[in-house]
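What's in work_8.txt: compact mmCIF, C-alpha atoms and all ligand atoms
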```txt
# COMPACT_ATOMS: atom_id res chain seq x y z
CA MET A 1 2.51 -38.75 -0.70
CA VAL A 2 0.94 -35.33 -1.09
CA SER A 3 2.71 -33.93 1.98
CA VAL A 4 6.06 -35.29 0.77
CA ALA A 5 5.50 -33.63 -2.59
CA VAL A 6 4.67 -30.33 -0.91
CA PHE A 7 7.75 -30.59 1.32
CA LEU A 8 9.99 -31.28 -1.66
CA SER A 9 8.52 -28.45 -3.66
CA VAL A 10 9.11 -26.00 -0.79
CA ALA A 11 12.61 -27.27 -0.07
CA LEU A 12 13.59 -27.09 -3.72
CA SER A 13 12.14 -23.65 -4.21
CA TYR A 14 14.62 -21.98 -1.81
CA PRO A 15 17.73 -22.03 -3.99
CA LEU A 16 15.61 -20.98 -6.95
CA ILE A 17 14.29 -17.98 -5.03
CA THR A 18 17.78 -16.93 -4.02
CA ASP A 19 19.08 -17.27 -7.54
CA ARG A 20 16.29 -15.20 -8.97
CA CYS A 21 16.67 -12.52 -6.32
CA GLN A 22 20.19 -11.94 -7.50
CA TRP A 23 19.02 -10.87 -10.90
CA GLY A 24 15.66 -9.40 -9.95
CA GLY A 25 13.57 -12.29 -11.25
CA ASP A 26 9.91 -12.78 -10.70
CA VAL A 27 9.24 -16.16 -9.15
CA ALA A 28 8.37 -16.20 -5.47
CA PRO A 29 7.34 -18.82 -2.93
CA ASP A 30 3.81 -20.12 -2.83
CA ARG A 31 2.11 -17.68 -0.47
CA THR A 32 0.29 -20.47 1.33
CA GLN A 33 3.65 -21.40 2.85
CA TRP A 34 3.65 -18.13 4.80
CA SER A 35 0.01 -17.82 5.71
CA ALA A 36 0.67 -18.84 9.32
CA SER A 37 2.83 -15.78 9.95
CA SER A 38 0.24 -13.57 8.26
CA ALA A 39 -2.50 -15.02 10.42
CA GLU A 40 -0.43 -14.47 13.55
CA THR A 41 0.19 -10.84 12.58
CA ALA A 42 -3.47 -10.22 11.88
CA ASP A 43 -4.38 -11.72 15.27
CA ARG A 44 -2.15 -9.23 17.09
CA PHE A 45 -4.04 -6.25 15.71
CA ASP A 46 -7.68 -5.28 15.56
CA ARG A 47 -7.66 -2.45 13.07
CA THR A 48 -5.46 -0.79 15.63
CA LEU A 49 -4.67 2.91 15.45
CA LEU A 50 -1.04 3.13 16.51
CA SER A 51 0.67 6.26 17.75
CA GLN A 52 4.08 6.57 16.07
CA CYS A 53 6.59 8.60 18.04
CA TRP A 54 10.24 9.26 18.77
CA THR A 55 11.49 8.02 22.12
CA ASP A 56 11.10 11.55 23.60
CA ASP A 57 7.33 11.55 23.04
CA VAL A 58 6.51 8.11 24.41
CA GLU A 59 5.78 9.56 27.84
CA ALA A 60 3.25 12.01 26.35
CA VAL A 61 1.20 9.31 24.59
CA ARG A 62 1.84 6.15 26.57
CA THR A 63 -1.22 6.29 28.83
CA ILE A 64 -3.52 7.45 26.00
CA ALA A 65 -2.30 4.61 23.79
CA ASP A 66 -3.13 2.04 26.44
CA ARG A 67 -6.67 1.03 25.73
CA PRO A 68 -8.27 -1.41 23.28
CA GLY A 69 -7.75 -0.45 19.65
CA THR A 70 -4.51 1.42 20.21
CA GLY A 71 -0.78 0.79 20.48
CA LEU A 72 2.63 2.32 19.87
CA VAL A 73 5.32 2.48 17.21
CA ILE A 74 8.64 3.80 18.54
CA THR A 75 10.90 5.12 15.80
CA ALA A 76 14.67 5.18 16.23
CA ARG A 77 16.70 8.25 15.44
CA GLN A 78 19.88 7.64 13.44
CA GLY A 79 21.97 5.17 15.39
CA GLY A 80 19.49 5.08 18.26
CA LEU A 81 18.50 1.41 18.25
CA ASP A 82 19.81 0.85 21.78
CA ASP A 83 17.66 3.68 23.15
CA VAL A 84 14.57 2.24 21.48
CA TYR A 85 15.31 -1.25 22.77
CA ARG A 86 15.85 -0.04 26.35
CA LEU A 87 12.62 1.95 26.29
CA ALA A 88 10.65 -0.95 24.81
CA ARG A 89 12.07 -3.28 27.43
CA HIS A 90 11.07 -0.86 30.18
CA LEU A 91 7.54 -0.60 28.74
CA VAL A 92 7.07 -4.36 28.39
CA GLU A 93 8.92 -5.69 31.43
CA GLY A 94 8.84 -2.74 33.81
CA ALA A 95 5.60 -0.89 33.11
CA GLY A 96 3.52 -3.88 31.97
CA TYR A 97 2.50 -2.31 28.66
CA GLU A 98 0.42 -4.94 26.84
CA ARG A 99 -0.89 -3.15 23.75
CA PRO A 100 0.64 -3.72 20.32
CA LEU A 101 4.16 -2.29 20.26
CA LEU A 102 6.30 -2.03 17.12
CA LEU A 103 9.91 -0.88 16.89
CA ASP A 104 10.84 1.02 13.74
CA ALA A 105 14.59 0.90 13.13
CA ASN A 106 14.21 3.74 10.60
CA ARG A 107 17.26 2.73 8.55
CA TYR A 108 15.42 3.90 5.41
CA SER A 109 15.49 7.67 6.03
CA GLY A 110 17.98 10.52 5.97
CA THR A 111 21.13 11.11 3.98
CA ARG A 112 22.78 7.94 5.35
CA ARG A 113 19.85 5.64 4.65
CA LEU A 114 20.48 2.09 3.54
CA PRO A 115 19.22 0.70 0.23
CA ALA A 116 16.55 -1.99 0.09
CA THR A 117 19.16 -4.57 -0.90
CA ALA A 118 20.87 -4.28 2.53
CA PRO A 119 20.67 -7.38 4.72
CA PHE A 120 18.59 -7.20 7.89
CA ASP A 121 20.35 -6.86 11.24
CA GLN A 122 19.74 -10.28 12.80
CA ASP A 123 20.56 -8.96 16.26
CA TRP A 124 17.79 -6.36 15.94
CA ILE A 125 15.35 -9.05 14.81
CA SER A 126 16.32 -11.21 17.81
CA ARG A 127 15.86 -8.35 20.26
CA GLN A 128 12.27 -7.81 19.10
CA ARG A 129 11.55 -11.53 19.48
CA GLU A 130 13.13 -11.55 22.90
CA LEU A 131 10.62 -8.92 24.06
CA GLY A 132 7.75 -10.88 22.52
CA LEU A 133 6.94 -8.08 20.06
CA PRO A 134 5.72 -8.36 16.47
CA VAL A 135 8.92 -8.35 14.43
CA LEU A 136 9.22 -5.33 12.13
CA THR A 137 12.05 -5.63 9.64
CA ASP A 138 14.77 -2.97 9.56
CA SER A 139 14.51 -2.58 5.79
CA GLY A 140 16.42 -0.05 3.72
CA TYR A 141 14.85 2.46 1.32
CA LEU A 142 13.09 1.11 -1.74
CA ALA A 143 13.92 3.46 -4.61
CA SER A 144 11.73 3.83 -7.69
CA GLY A 145 12.08 0.79 -9.97
CA ASP A 146 14.34 -1.18 -7.58
CA GLU A 147 12.55 -4.50 -8.04
CA SER A 148 15.62 -6.37 -6.89
CA GLY A 149 15.47 -4.45 -3.61
CA LEU A 150 11.77 -5.25 -3.25
CA ILE A 151 12.42 -8.94 -3.70
CA THR A 152 15.34 -8.81 -1.26
CA ILE A 153 13.12 -7.34 1.47
CA LEU A 154 10.26 -9.78 0.84
CA ASP A 155 12.54 -12.80 0.55
CA GLN A 156 14.44 -12.00 3.77
CA THR A 157 11.10 -11.47 5.55
CA ALA A 158 9.74 -14.77 4.26
CA ARG A 159 12.81 -16.57 5.59
CA LEU A 160 12.29 -15.06 9.06
CA GLY A 161 8.84 -16.65 9.10
CA ASP A 162 7.36 -14.34 11.76
CA ALA A 163 8.10 -10.82 10.55
CA ILE A 164 6.34 -7.87 8.97
CA ALA A 165 8.19 -6.49 5.94
CA THR A 166 8.78 -2.75 6.30
CA LEU A 167 8.42 -1.26 2.82
CA PRO A 168 9.76 2.32 2.71
CA LEU A 169 8.46 3.21 -0.73
CA HIS A 170 9.24 5.85 -3.30
CA LEU A 171 5.72 6.92 -4.27
CA ASP A 172 6.16 5.60 -7.83
CA TRP A 173 5.50 2.15 -6.40
CA LEU A 174 1.90 3.17 -5.78
CA THR A 175 1.23 5.87 -8.35
CA THR A 176 2.66 4.50 -11.60
CA PRO A 177 1.02 1.54 -13.38
CA ARG A 178 4.30 -0.38 -13.71
CA GLY A 179 5.44 0.28 -10.14
CA ARG A 180 2.08 -0.73 -8.71
CA TRP A 181 1.90 -3.85 -10.87
CA GLN A 182 5.36 -4.98 -9.75
CA LEU A 183 4.69 -4.22 -6.10
CA LEU A 184 1.33 -5.97 -5.92
CA ARG A 185 2.55 -8.98 -7.87
CA GLN A 186 5.50 -9.57 -5.54
CA VAL A 187 3.56 -8.92 -2.35
CA ARG A 188 0.89 -11.40 -3.46
CA ALA A 189 3.54 -13.92 -4.39
CA TYR A 190 5.50 -13.78 -1.14
CA GLY A 191 2.41 -13.47 1.03
CA VAL A 192 4.16 -11.87 4.00
CA PRO A 193 2.64 -9.08 6.12
CA VAL A 194 3.79 -5.66 4.92
CA ALA A 195 4.21 -2.24 6.53
CA PRO A 196 4.39 0.48 3.87
CA VAL A 197 6.03 3.84 4.62
CA LEU A 198 5.27 6.41 1.93
CA GLU A 199 7.76 9.03 0.77
CA HIS A 200 6.46 12.54 0.15
CA ARG A 201 7.41 16.05 1.25
CA ALA A 202 3.93 16.61 2.77
CA ASP A 203 0.98 14.21 2.41
CA PRO A 204 1.56 11.24 0.06
CA PHE A 205 -2.19 10.75 -0.36
CA ASP A 206 -2.43 14.16 -2.01
CA ALA A 207 -0.65 12.54 -4.97
CA ARG A 208 -2.94 11.10 -7.63
CA GLY A 209 -2.90 7.31 -7.54
CA ALA A 210 -1.55 6.90 -3.99
CA VAL A 211 -4.93 6.02 -2.47
CA ASP A 212 -5.67 3.61 -5.33
CA GLY A 213 -2.25 2.04 -4.88
CA LEU A 214 -2.79 1.59 -1.15
CA LEU A 215 -6.20 0.00 -1.78
CA GLY A 216 -4.52 -2.37 -4.23
CA LEU A 217 -2.03 -3.34 -1.51
CA LEU A 218 -4.88 -3.84 0.95
CA ASP A 219 -6.45 -6.21 -1.56
CA CYS A 220 -3.36 -8.46 -1.80
CA GLY A 221 -4.53 -10.91 0.85
CA VAL A 222 -1.77 -10.08 3.35
CA PRO A 223 -2.00 -8.07 6.58
CA VAL A 224 -1.07 -4.42 5.99
CA VAL A 225 0.22 -2.05 8.69
CA LEU A 226 0.46 1.51 7.34
CA LEU A 227 3.26 3.41 9.08
CA ARG A 228 4.09 7.14 9.39
CA SER A 229 0.71 8.45 8.31
CA ASP A 230 -1.74 11.17 9.35
CA VAL A 231 -5.56 11.21 9.31
CA SER A 232 -5.45 8.91 6.27
CA ALA A 233 -4.53 6.20 8.78
CA LEU A 234 -8.26 6.14 9.56
CA GLY A 235 -9.03 5.65 5.87
CA ALA A 236 -6.60 2.74 5.75
CA LEU A 237 -8.26 1.11 8.77
CA CYS A 238 -11.71 1.55 7.24
CA CYS A 239 -10.49 -0.06 4.02
CA GLY A 240 -8.90 -3.16 5.51
CA ALA A 241 -5.53 -2.37 7.12
CA VAL A 242 -4.99 -4.44 10.28
CA ALA A 243 -3.25 -1.43 11.81
CA ALA A 244 -2.18 2.09 10.86
CA ALA A 245 0.12 4.52 12.60
CA VAL A 246 -0.33 8.25 12.92
CA GLY A 247 2.79 10.27 13.70
CA THR A 248 2.89 12.44 16.80
CA ARG A 249 4.94 15.00 14.86
CA ALA A 250 4.94 16.14 11.24
CA THR A 251 8.27 14.36 10.62
CA LEU A 252 6.58 11.06 11.47
CA ARG A 253 3.53 11.56 9.25
CA HIS A 254 5.37 10.72 6.02
CA LEU A 255 8.86 9.81 4.88
CA THR A 256 10.66 13.03 3.94
CA PRO A 257 12.63 12.79 0.67
CA VAL A 258 16.36 13.37 0.94
CA PRO A 259 17.05 16.90 -0.36
CA SER A 260 19.23 17.13 -3.45
CA ALA A 261 21.45 19.74 -1.72
CA PRO A 262 22.09 20.10 2.02
CA TRP A 263 19.95 22.75 3.69
CA SER A 264 22.11 25.64 4.86
CA GLY A 265 19.46 27.88 6.44
CA PRO A 266 18.33 27.94 10.06
CA ARG A 267 16.66 24.79 11.36
CA ASN A 268 13.55 25.87 13.20
CA PRO A 269 11.42 23.00 14.45
CA PRO A 270 7.90 23.17 12.98
CA LYS A 271 5.24 24.74 15.19
CA PRO A 272 2.85 22.22 16.70
CA SER A 273 -0.21 21.18 14.71
CA VAL A 274 -3.51 19.87 16.01
CA VAL A 275 -6.17 17.72 14.43
CA VAL A 276 -9.31 19.70 13.64
CA PRO A 277 -11.57 16.66 13.73
CA ARG A 278 -14.51 17.84 11.65
CA CYS A 279 -12.09 18.98 8.92
CA LEU A 280 -10.07 15.72 9.11
CA ALA A 281 -6.98 17.89 8.98
CA TYR A 282 -3.85 18.74 10.92
CA LYS A 283 -3.45 22.51 11.20
CA ARG A 284 -0.83 24.67 12.90
CA LEU A 285 -2.11 26.09 16.18
CA GLY A 286 -1.50 29.67 14.98
CA GLU A 287 -3.57 29.06 11.85
CA VAL A 288 -6.36 27.57 13.95
CA GLY A 289 -6.35 30.70 16.11
CA ARG A 290 -6.40 33.10 13.17
CA THR A 291 -9.16 31.22 11.35
CA ARG A 292 -11.28 30.90 14.48
CA ARG A 293 -11.18 34.65 14.98
CA LYS A 294 -12.26 35.11 11.37
CA HIS A 295 -15.05 32.49 11.48
CA PRO A 296 -16.04 32.16 15.14
CA GLU A 297 -19.57 31.06 14.23
CA VAL A 298 -18.50 27.86 12.45
CA ALA A 299 -18.93 24.83 14.69
CA VAL A 300 -15.51 23.27 14.41
CA TRP A 301 -13.53 24.97 17.17
CA SER A 302 -14.48 23.65 20.59
CA CYS A 303 -13.24 20.24 21.68
CA ASP A 304 -14.60 17.91 24.33
CA CYS A 305 -11.59 15.59 24.46
CA GLU A 306 -10.01 15.02 27.88
CA THR A 307 -7.11 17.32 27.00
CA CYS A 308 -9.22 20.31 25.90
CA ASP A 309 -12.26 19.72 28.14
CA GLY A 310 -14.63 21.85 26.07
CA LYS A 311 -12.23 24.68 25.29
CA GLU A 312 -11.59 26.04 21.81
CA LEU A 313 -8.72 24.35 20.00
CA ASP A 314 -6.32 27.29 20.07
CA TRP A 315 -6.43 27.54 23.88
CA MET A 316 -2.97 25.96 23.97
CA LEU A 317 -1.43 29.04 22.33
CA ARG A 318 -1.40 30.76 25.71
CA LEU A 319 0.97 28.14 27.13
CA PRO A 320 4.79 27.80 26.89
CA PRO A 321 5.97 26.14 23.61
CA LYS A 322 6.99 22.81 25.18
CA ARG A 323 3.63 22.50 26.90
CA GLN A 324 1.85 23.39 23.64
CA GLU A 325 3.66 20.58 21.85
CA LYS A 326 2.75 17.96 24.42
CA LEU A 327 -0.91 19.00 24.62
CA ALA A 328 -1.23 19.24 20.83
CA ILE A 329 0.04 15.66 20.56
CA GLN A 330 -2.34 14.45 23.26
CA HIS A 331 -5.39 16.25 21.83
CA SER A 332 -4.67 14.93 18.34
CA LEU A 333 -4.28 11.33 19.48
CA ARG A 334 -7.39 11.38 21.66
CA THR A 335 -9.41 12.92 18.83
CA LEU A 336 -8.23 10.39 16.24
CA LEU A 337 -8.94 7.49 18.62
CA SER A 338 -12.42 8.86 19.16
CA LEU A 339 -12.94 9.04 15.38
CA ARG A 340 -11.66 5.48 15.03
CA GLU A 341 -14.25 4.25 17.51
CA ARG A 342 -16.99 5.79 15.41
CA LEU A 343 -15.64 4.60 12.07
CA VAL A 344 -14.50 1.03 12.67
CA GLY A 345 -17.13 -1.60 13.29
CA PRO A 346 -17.96 -5.22 12.57
CA ARG A 347 -18.93 -4.72 8.90
CA PRO A 348 -15.96 -3.65 6.75
CA GLU A 349 -18.09 -2.47 3.81
CA GLU A 350 -19.93 -0.12 6.14
CA ASP A 351 -16.61 1.20 7.46
CA ARG A 352 -15.53 2.16 3.94
CA MET A 353 -18.74 4.06 3.36
CA SER A 354 -18.51 5.75 6.77
CA TRP A 355 -15.04 6.99 5.81
CA TYR A 356 -16.43 8.16 2.46
CA ALA A 357 -19.12 10.14 4.29
CA ARG A 358 -16.60 11.61 6.75
CA CYS A 359 -14.45 12.82 3.85
CA GLY A 360 -17.51 14.48 2.30
CA ALA A 361 -18.45 16.17 5.57
CA ALA A 362 -14.86 17.34 6.06
CA SER A 363 -14.98 19.00 2.64
CA PHE A 364 -18.06 20.91 3.79
CA TRP A 365 -16.42 22.15 7.00
CA LEU A 366 -13.18 23.08 5.23
CA ARG A 367 -15.16 25.24 2.85
CA GLU A 368 -17.03 26.87 5.74
CA VAL A 369 -13.78 28.09 7.30
CA GLY A 370 -12.11 28.96 4.00
CA TRP A 371 -9.43 26.26 4.06
CA ILE A 372 -8.37 24.50 0.88
CA ARG A 373 -9.67 20.95 0.62
CA PRO A 374 -6.72 18.54 0.43
CA SER A 375 -6.72 16.43 -2.72
CA ALA A 376 -6.46 13.36 -0.48
CA LEU A 377 -10.09 13.72 0.63
CA ARG A 378 -11.30 13.70 -2.99
CA TYR A 379 -9.06 10.76 -3.90
CA TRP A 380 -10.34 8.73 -0.96
CA GLN A 381 -13.93 9.41 -2.00
CA GLU A 382 -13.31 8.65 -5.68
CA ALA A 383 -11.54 5.41 -4.79
CA ILE A 384 -14.44 4.20 -2.63
CA VAL A 385 -17.29 5.37 -4.87
CA PRO A 386 -15.95 6.05 -8.37
CA PRO A 387 -17.45 9.14 -10.07
CA GLY A 388 -20.75 8.29 -11.76
CA ARG A 389 -21.68 5.58 -9.29
CA SER A 390 -24.48 6.11 -6.80
CA ASP A 391 -23.43 6.83 -3.24
CA SER A 392 -26.89 6.05 -1.85
CA ALA A 393 -25.34 3.30 0.26
CA VAL A 394 -23.61 5.86 2.47
CA PRO A 395 -24.75 5.03 6.00
CA ARG A 396 -25.57 7.44 8.74
CA PRO A 397 -22.88 7.84 11.43
CA ARG A 398 -22.49 4.74 13.58
CA SER A 399 -22.89 6.61 16.85
CA ALA A 400 -25.56 9.08 17.84
CA ARG A 401 -23.07 10.75 20.20
CA PRO A 402 -21.70 14.09 19.08
CA THR A 403 -18.21 14.06 17.64
CA PRO A 404 -15.62 15.60 19.92
CA ALA A 405 -15.62 19.29 19.60
CA LEU A 406 -19.02 20.14 18.54
CA SER A 407 -20.89 21.33 21.55
CA ARG A 408 -21.70 24.68 19.97
CA SER A 409 -22.80 23.43 16.61
CA ARG A 410 -24.78 25.94 14.61
CA GLN A 411 -24.56 24.18 11.29
CA THR A 412 -25.09 20.74 9.88
CA PRO A 413 -22.97 19.31 7.11
CA PRO A 414 -24.51 17.23 4.34
CA SER A 415 -25.18 13.58 5.23
CA MET A 416 -23.52 13.84 8.66
ZN ZN B 1 -9.07 18.25 22.26
```
Mind turning this structure into structure tokens?
Amino acid sequence: MVSVAVFLSVALSYPLITDRCQWGGDVAPDRTQWSASSAETADRFDRTLLSQCWTDDVEAVRTIADRPGTGLVITARQGGLDDVYRLARHLVEGAGYERPLLLDANRYSGTRRLPATAPFDQDWISRQRELGLPVLTDSGYLASGDESGLITILDQTARLGDAIATLPLHLDWLTTPRGRWQLLRQVRAYGVPVAPVLEHRADPFDARGAVDGLLGLLDCGVPVVLLRSDVSALGALCCGAVAAAVGTRATLRHLTPVPSAPWSGPRNPPKPSVVVPRCLAYKRLGEVGRTRRKHPEVAVWSCDCETCDGKELDWMLRLPPKRQEKLAIQHSLRTLLSLRERLVGPRPEEDRMSWYARCGAASFWLREVGWIRPSALRYWQEAIVPPGRSDSAVPRPRSARPTPALSRSRQTPPSM
């Protein structure tokens, strides 16, 4: 009798959900109905650090992102779904790539982006299933306050039964009390895995409230895959994300807002940036070179990753621009994967505190070389150990091995 009652309650809830979606209502399915898809999503990842790239950069990262703990997100350019599908098919069926692979349709960005109320492309969903990949929805952009759009994305995802809801979010959804309350309430209610993409012109986690909002999302009881991020992807993994993606290029490390007026000046591609691991920061190669010459004694410049092989980080500046780009991408990915190995372990609470300690050490090194500390580092620390609380639980680093890059250390940061 109980199972019949449950069946009836689920069957009857569908038309109610649809009706309420049409006017932005607030009732959602019982999340226990979708827990199987959440469990399946969580099983596919192991706090995986994904490399998010355009199709052109897959070749540069493919072999690096082919070991435990890593994977790929391939992002489509406008109208480029066929290219992404063909490449994914080659990787899976031709090259035998077996790590987690997600396909980002990217219909949420640019001047021709779709709104969150747009229906999913069922053919695109089928193609991902056909390749045996985790299904990532091709959601439109979720503007500030568009609760109807939020419900449309979550409801369509729930109906698919095996998908991860891409949530391309205006930052208000995380940083304002009302936006965050609406977002968390609906995500809890629908209980589907979610993949937030955060809109900001630079680093969304530099905005007050973004880290707290992400932690709230991570506490919703659903698998979270953070997309289009930078070093904060490591923070997300330490705080409970099943996976997080770091972009190979600046354009894939956040969702760029659509400009209010079209840009009429020259379009120069940004110079390549590299991760300076002890500073937990991406910096332009030229800036790395200038700062190294100014502070050669500070132990942040040499790198022992397989790309750099002990050289100082700005060594790539002597190479042609295309080669610089490729090597900068490879160095950054190798370095972040190495950091992930040191940060992520079997005890989640310890991971959070390790990330806290890394952020503190990065602040020290940034000060040593005269770089401004990004607000994101402070917000991560304050979110993990609120001001006024003791941080005596901060553990020592998990590994006794030196971090990449520090063979000529002359200084020791606090607690690291
Ligand atoms: Zn390196």
Inset, instruction - Pick out the closest residue to ligand ZN 1 (chain B) from this set: A:Gly132, A:Gly310, A:Pro387, A:Pro320. Count all atoms listed in the file. - result: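 Selected residue with least distance to ligand ZN 1 (chain B): A:Gly310.
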Could you build a table of the residues in chain A lying no more than 7 Å from ligand ZN 1 (chain B), giving for each the nearest pair of atoms and their separation in Å rounded to one decimal place, using only C-alpha atoms and all ligand atoms, ordered by chain and ascending residue number, as CSV?
```
residue,atom,partner,partner_atom,distance
A:Cys303,CA,B:ZN1,ZN,4.7
A:Asp304,CA,B:ZN1,ZN,5.9
A:Cys305,CA,B:ZN1,ZN,4.3
A:Glu306,CA,B:ZN1,ZN,6.5
A:Thr307,CA,B:ZN1,ZN,5.2
A:Cys308,CA,B:ZN1,ZN,4.2
A:Asp309,CA,B:ZN1,ZN,6.8
A:Leu313,CA,B:ZN1,ZN,6.5
A:His331,CA,B:ZN1,ZN,4.2
A:Ser332,CA,B:ZN1,ZN,6.8
A:Thr335,CA,B:ZN1,ZN,6.3
```
Inset, instruction - Find the residue from A:Leu280, A:Leu377, A:Ala189, A:Leu198 that sits nearest to Leu142 in chain A; use only C-alpha atoms when measuring. - result: A:Leu198
Legend entry - Nearest-residue call for Leu218 in chain A, choices A:Glu199, A:Ser260, A:Cys239, A:Ala328, using all atoms listed in the file: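 Of the candidates, the smallest distance to Leu218 in chain A is held by A:Cys239.
Minimum distance to Gly240 in chain A across A:Ala165, A:Ile74, A:Val58, A:Ala42 (counting only C-alpha atoms) occurs at A:Ala42.
Nearest to Leu252 in chain A of all the residues A:Thr70, A:Ala202, A:Arg107, A:Ala195 is A:Ala202, based on only C-alpha atoms.
We find CA of Arg318 in chain A and CA of Cys279 in chain A to be spaced 23.1 Å apart.
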Legend entry - Between CA of Phe205 in chain A and CA of Pro168 in chain A - distance in Å to one decimal: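 The value is 14.9 Å.
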Legend entry - 7 Å contact set for range 227-237 of chain A, all atoms listed in the file, chain neighbours under 2 positions out, as a PyMOL selection string: chain A and resi 47+52+195-197+225+239-247+252-254+280-281+340+355
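Computed from the coordinates, the CA of Ser37 in chain A to CA of Val192 in chain A distance equals 7.2 Å.
Proximity of A:Asp162, A:Glu130, A:Asp123, A:Asp104 to Arg89 in chain A, computed with all atoms listed in the file, is greatest for A:Glu130.
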